Amino acid sequence: MKINHLGIATKDISEALKFWGDALGLENVHTEVVEDQKVRVAMLPIGESRIELLEPTSEDSPITKFLEKRGGGIHHIAVEVDDIEASLAKLKTQGMRLIDENPRIGAEGCLVAFVHPSSTNGVLLELVQKKEV
Ligand code: ZN
């Protein structure tokens, strides 16, 4: 397993890129709207991982709620797994609370599923299985 990305919530990706891109020097290699999650994402590689900037695309986006409550910050941590179905089944048998019982399609066609913060010491955890190439 490895950290696939860190998700950071922001009101405005272009505003956030002034820091993460221009000032810090990371490169935005990919921008995409993920309709299913009502977010626009920007991916900035850092080592073998990435910073994922998340901007809400609608009022009822989960990111809108997060920004209202906390004004931005780390929204989730994404762990890359080889077999997301197996990982979900394993967590479920151990009584862990899943937000997604079944994987959904995330950015770049990856399979993703979220684990509830109540089972992870308060961190929203995303499992990611890369799309087969
Ligand atoms: Zn993510």
# chains A, B, ... in the order shown; residues from 1 in each chain; ligands from 1

call {"tool": "closest_atom_pairs", "arguments": {"of": "chain A", "to": "ligand 1", "cutoff": "7 Å", "atoms": "only C-alpha atoms and all ligand atoms", "output": "Markdown table"}}
result
| residue | atom | partner | partner_atom_place_in_ligand_line | distance |
| --- | --- | --- | --- | --- |
| A:His5 | CA | ligand 1 | 1 (Zn) | 6.5 |
| A:Leu6 | CA | ligand 1 | 1 (Zn) | 6.7 |
| A:Gly7 | CA | ligand 1 | 1 (Zn) | 5.1 |
| A:Glu52 | CA | ligand 1 | 1 (Zn) | 6.4 |
| A:His76 | CA | ligand 1 | 1 (Zn) | 6.6 |
| A:Ile77 | CA | ligand 1 | 1 (Zn) | 6.9 |
| A:Ala78 | CA | ligand 1 | 1 (Zn) | 5.7 |
| A:Glu126 | CA | ligand 1 | 1 (Zn) | 6.3 |

call {"tool": "select_by_dssp", "arguments": {"residues": "chain A", "states": "strand (DSSP E)", "output": "PyMOL selection string"}}
result
chain A and resi 2-9+30-34+39-46+49-56+73-80+104-105+111-115+125-129

call {"tool": "residues_around", "arguments": {"residues": "Glu48 of chain A", "least_positions_apart": "4", "cutoff": "10 Å", "atoms": "only C-alpha atoms", "output": "list in words"}}
result
Lys2, Ile3, Asn4 and His5 of chain A

call {"tool": "write_last_selection", "arguments": {"atoms": "N, CA and C atoms", "output": "compact mmCIF listing (two decimals), in the first residue's frame"}}
result
# COMPACT_ATOMS: atom_id res chain seq x y z
N LYS A 2 0.33 2.29 -0.52
CA LYS A 2 1.02 3.58 -0.41
C LYS A 2 -0.01 4.70 -0.40
N ILE A 3 0.46 5.90 -0.05
CA ILE A 3 -0.44 7.05 -0.07
C ILE A 3 -0.59 7.47 -1.53
N ASN A 4 -1.77 7.32 -2.09
CA ASN A 4 -2.01 7.72 -3.48
C ASN A 4 -2.09 9.24 -3.58
N HIS A 5 -2.84 9.85 -2.67
CA HIS A 5 -2.90 11.31 -2.64
C HIS A 5 -3.46 11.82 -1.32

call {"tool": "closest_residue", "arguments": {"among": "A:Val115, A:Ile105, A:Ala42, A:Ile8", "to": "Gly21 of chain A", "atoms": "only C-alpha atoms"}}
result
A:Ala42

call {"tool": "residues_around", "arguments": {"residues": "Ala9 of chain A", "least_positions_apart": "5", "cutoff": "8 Å", "atoms": "only C-alpha atoms", "output": "VMD selection string"}}
result
chain A and resid 53 to 55 63 66 to 67 72 to 75

call {"tool": "write_last_selection", "arguments": {"atoms": "N, CA and C atoms", "output": "PDB file, in the first residue's frame"}}
result
ATOM      1  N   LEU A  53      -6.243  18.805  -5.119  1.00  0.00           N
ATOM      2  CA  LEU A  53      -7.028  19.973  -4.711  1.00  0.00           C
ATOM      3  C   LEU A  53      -8.473  19.725  -5.123  1.00  0.00           C
ATOM      4  N   LEU A  54      -9.397  19.992  -4.211  1.00  0.00           N
ATOM      5  CA  LEU A  54     -10.818  19.706  -4.437  1.00  0.00           C
ATOM      6  C   LEU A  54     -11.632  20.977  -4.321  1.00  0.00           C
ATOM      7  N   GLU A  55     -12.385  21.270  -5.364  1.00  0.00           N
ATOM      8  CA  GLU A  55     -13.246  22.460  -5.360  1.00  0.00           C
ATOM      9  C   GLU A  55     -14.675  21.996  -5.635  1.00  0.00           C
ATOM     10  N   ILE A  63     -17.929  18.763  -0.490  1.00  0.00           N
ATOM     11  CA  ILE A  63     -16.853  19.738  -0.223  1.00  0.00           C
ATOM     12  C   ILE A  63     -17.433  21.081   0.223  1.00  0.00           C
ATOM     13  N   PHE A  66     -18.007  20.745   3.876  1.00  0.00           N
ATOM     14  CA  PHE A  66     -16.729  20.739   4.579  1.00  0.00           C
ATOM     15  C   PHE A  66     -16.167  22.164   4.693  1.00  0.00           C
ATOM     16  N   LEU A  67     -16.249  22.922   3.600  1.00  0.00           N
ATOM     17  CA  LEU A  67     -15.728  24.293   3.606  1.00  0.00           C
ATOM     18  C   LEU A  67     -16.527  25.178   4.563  1.00  0.00           C
ATOM     19  N   GLY A  72     -11.758  24.909   4.791  1.00  0.00           N
ATOM     20  CA  GLY A  72     -10.666  24.358   3.988  1.00  0.00           C
ATOM     21  C   GLY A  72      -9.794  23.430   4.819  1.00  0.00           C
ATOM     22  N   GLY A  73      -8.777  22.874   4.180  1.00  0.00           N
ATOM     23  CA  GLY A  73      -7.861  21.994   4.902  1.00  0.00           C
ATOM     24  C   GLY A  73      -7.855  20.594   4.335  1.00  0.00           C
ATOM     25  N   ILE A  74      -7.169  19.687   5.030  1.00  0.00           N
ATOM     26  CA  ILE A  74      -7.104  18.296   4.570  1.00  0.00           C
ATOM     27  C   ILE A  74      -8.478  17.657   4.704  1.00  0.00           C
ATOM     28  N   HIS A  75      -8.990  17.183   3.588  1.00  0.00           N
ATOM     29  CA  HIS A  75     -10.328  16.598   3.549  1.00  0.00           C
ATOM     30  C   HIS A  75     -10.272  15.081   3.678  1.00  0.00           C
TER      31      HIS A  75
END

call {"tool": "residues_around", "arguments": {"residues": "Ser118 of chain A", "least_positions_apart": "5", "cutoff": "10 Å", "atoms": "only C-alpha atoms", "output": "list in words"}}
result
Met96, Arg97, Leu98, Val123 and Leu124 of chain A

call {"tool": "closest_residue", "arguments": {"among": "A:Gln129, A:Ser61, A:Asn28, A:Thr120", "to": "Ile46 of chain A", "atoms": "only C-alpha atoms"}}
result
A:Asn28

call {"tool": "closest_residue", "arguments": {"among": "A:Ser119, A:Ser87, A:Val33, A:Val81", "to": "Lys131 of chain A", "atoms": "only C-alpha atoms"}}
result
A:Val81

call {"tool": "select_by_dssp", "arguments": {"residues": "segment 32-117 of chain A", "states": "alpha helix (DSSP H)", "output": "PDB file with C-alpha atoms, in the first residue's frame"}}
result
ATOM      1  CA  PRO A  62     -19.710  17.244   0.160  1.00  0.00           C
ATOM      2  CA  ILE A  63     -16.853  19.738  -0.223  1.00  0.00           C
ATOM      3  CA  THR A  64     -19.264  22.668   0.159  1.00  0.00           C
ATOM      4  CA  LYS A  65     -20.321  21.309   3.546  1.00  0.00           C
ATOM      5  CA  PHE A  66     -16.729  20.739   4.579  1.00  0.00           C
ATOM      6  CA  LEU A  67     -15.728  24.293   3.606  1.00  0.00           C
ATOM      7  CA  GLU A  68     -18.688  25.751   5.518  1.00  0.00           C
ATOM      8  CA  LYS A  69     -17.691  23.841   8.640  1.00  0.00           C
ATOM      9  CA  ARG A  70     -13.912  24.158   8.470  1.00  0.00           C
ATOM     10  CA  ILE A  84     -10.379  -2.654  -3.592  1.00  0.00           C
ATOM     11  CA  GLU A  85     -13.173  -5.247  -3.383  1.00  0.00           C
ATOM     12  CA  ALA A  86     -10.988  -7.442  -1.175  1.00  0.00           C
ATOM     13  CA  SER A  87      -9.980  -4.482   1.001  1.00  0.00           C
ATOM     14  CA  LEU A  88     -13.617  -3.446   1.494  1.00  0.00           C
ATOM     15  CA  ALA A  89     -14.661  -7.008   2.325  1.00  0.00           C
ATOM     16  CA  LYS A  90     -11.832  -7.309   4.850  1.00  0.00           C
ATOM     17  CA  LEU A  91     -12.746  -4.029   6.558  1.00  0.00           C
ATOM     18  CA  LYS A  92     -16.405  -4.977   6.608  1.00  0.00           C
ATOM     19  CA  THR A  93     -15.797  -8.336   8.297  1.00  0.00           C
TER      20      THR A  93
END

call {"tool": "residues_around", "arguments": {"residues": "Glu32 of chain A", "least_positions_apart": "5", "cutoff": "8 Å", "atoms": "only C-alpha atoms", "output": "tab-separated table (two decimals) with all heavy atoms, in the first residue's frame"}}
result
chain	number	residue	atom	x	y	z
A	40	ARG	N	-14.45	19.48	-8.64
A	40	ARG	CA	-13.40	19.63	-9.64
A	40	ARG	C	-12.10	19.30	-8.91
A	40	ARG	O	-11.91	19.75	-7.77
A	40	ARG	CB	-13.39	21.06	-10.18
A	40	ARG	CG	-12.27	21.33	-11.19
A	40	ARG	CD	-12.35	22.74	-11.75
A	40	ARG	NE	-13.54	22.89	-12.59
A	40	ARG	CZ	-14.59	23.64	-12.30
A	40	ARG	NH1	-14.62	24.35	-11.20
A	40	ARG	NH2	-15.63	23.69	-13.10
A	41	VAL	N	-11.24	18.51	-9.53
A	41	VAL	CA	-9.99	18.15	-8.87
A	41	VAL	C	-8.80	18.58	-9.72
A	41	VAL	O	-8.88	18.60	-10.94
A	41	VAL	CB	-9.88	16.63	-8.58
A	41	VAL	CG1	-11.06	16.14	-7.77
A	41	VAL	CG2	-9.75	15.82	-9.86
A	42	ALA	N	-7.73	18.94	-9.04
A	42	ALA	CA	-6.44	19.19	-9.70
A	42	ALA	C	-5.42	18.29	-9.03
A	42	ALA	O	-5.40	18.18	-7.81
A	42	ALA	CB	-6.04	20.65	-9.55
A	107	ALA	N	-11.67	10.00	-9.94
A	107	ALA	CA	-10.86	10.72	-10.92
A	107	ALA	C	-9.99	9.73	-11.70
A	107	ALA	O	-9.56	8.71	-11.17
A	107	ALA	CB	-9.98	11.75	-10.20

call {"tool": "decode", "arguments": {"residues": "segment 48-64 of chain A", "atoms": "N, CA and C atoms", "output": "compact mmCIF listing (two decimals), in the first residue's frame"}}
result
# COMPACT_ATOMS: atom_id res chain seq x y z
N GLU A 48 6.10 9.96 -5.02
CA GLU A 48 5.25 8.93 -5.62
C GLU A 48 3.78 9.17 -5.29
N SER A 49 3.50 10.28 -4.62
CA SER A 49 2.14 10.59 -4.23
C SER A 49 1.69 11.88 -4.93
N ARG A 50 0.52 12.39 -4.55
CA ARG A 50 0.03 13.61 -5.16
C ARG A 50 -0.78 14.43 -4.17
N ILE A 51 -0.82 15.71 -4.41
CA ILE A 51 -1.77 16.58 -3.72
C ILE A 51 -2.98 16.68 -4.63
N GLU A 52 -4.17 16.43 -4.09
CA GLU A 52 -5.41 16.55 -4.86
C GLU A 52 -6.17 17.76 -4.32
N LEU A 53 -6.24 18.80 -5.12
CA LEU A 53 -7.03 19.97 -4.71
C LEU A 53 -8.47 19.72 -5.12
N LEU A 54 -9.40 19.99 -4.21
CA LEU A 54 -10.82 19.71 -4.44
C LEU A 54 -11.63 20.98 -4.32
N GLU A 55 -12.39 21.27 -5.36
CA GLU A 55 -13.25 22.46 -5.36
C GLU A 55 -14.67 22.00 -5.63
N PRO A 56 -15.65 22.46 -4.85
CA PRO A 56 -17.02 22.01 -5.08
C PRO A 56 -17.58 22.55 -6.40
N THR A 57 -18.39 21.75 -7.09
CA THR A 57 -19.03 22.23 -8.32
C THR A 57 -20.51 22.50 -8.10
N SER A 58 -21.00 22.24 -6.89
CA SER A 58 -22.41 22.57 -6.62
C SER A 58 -22.61 22.80 -5.13
N GLU A 59 -23.74 23.42 -4.81
CA GLU A 59 -24.06 23.76 -3.43
C GLU A 59 -24.17 22.53 -2.54
N ASP A 60 -24.59 21.41 -3.14
CA ASP A 60 -24.79 20.20 -2.33
C ASP A 60 -23.60 19.23 -2.44
N SER A 61 -22.46 19.76 -2.89
CA SER A 61 -21.24 18.94 -2.91
C SER A 61 -20.79 18.69 -1.47
N PRO A 62 -20.26 17.49 -1.18
CA PRO A 62 -19.71 17.24 0.16
C PRO A 62 -18.61 18.24 0.52
N ILE A 63 -17.93 18.76 -0.49
CA ILE A 63 -16.85 19.74 -0.22
C ILE A 63 -17.43 21.08 0.22
N THR A 64 -18.61 21.43 -0.29
CA THR A 64 -19.26 22.67 0.16
C THR A 64 -19.51 22.61 1.66
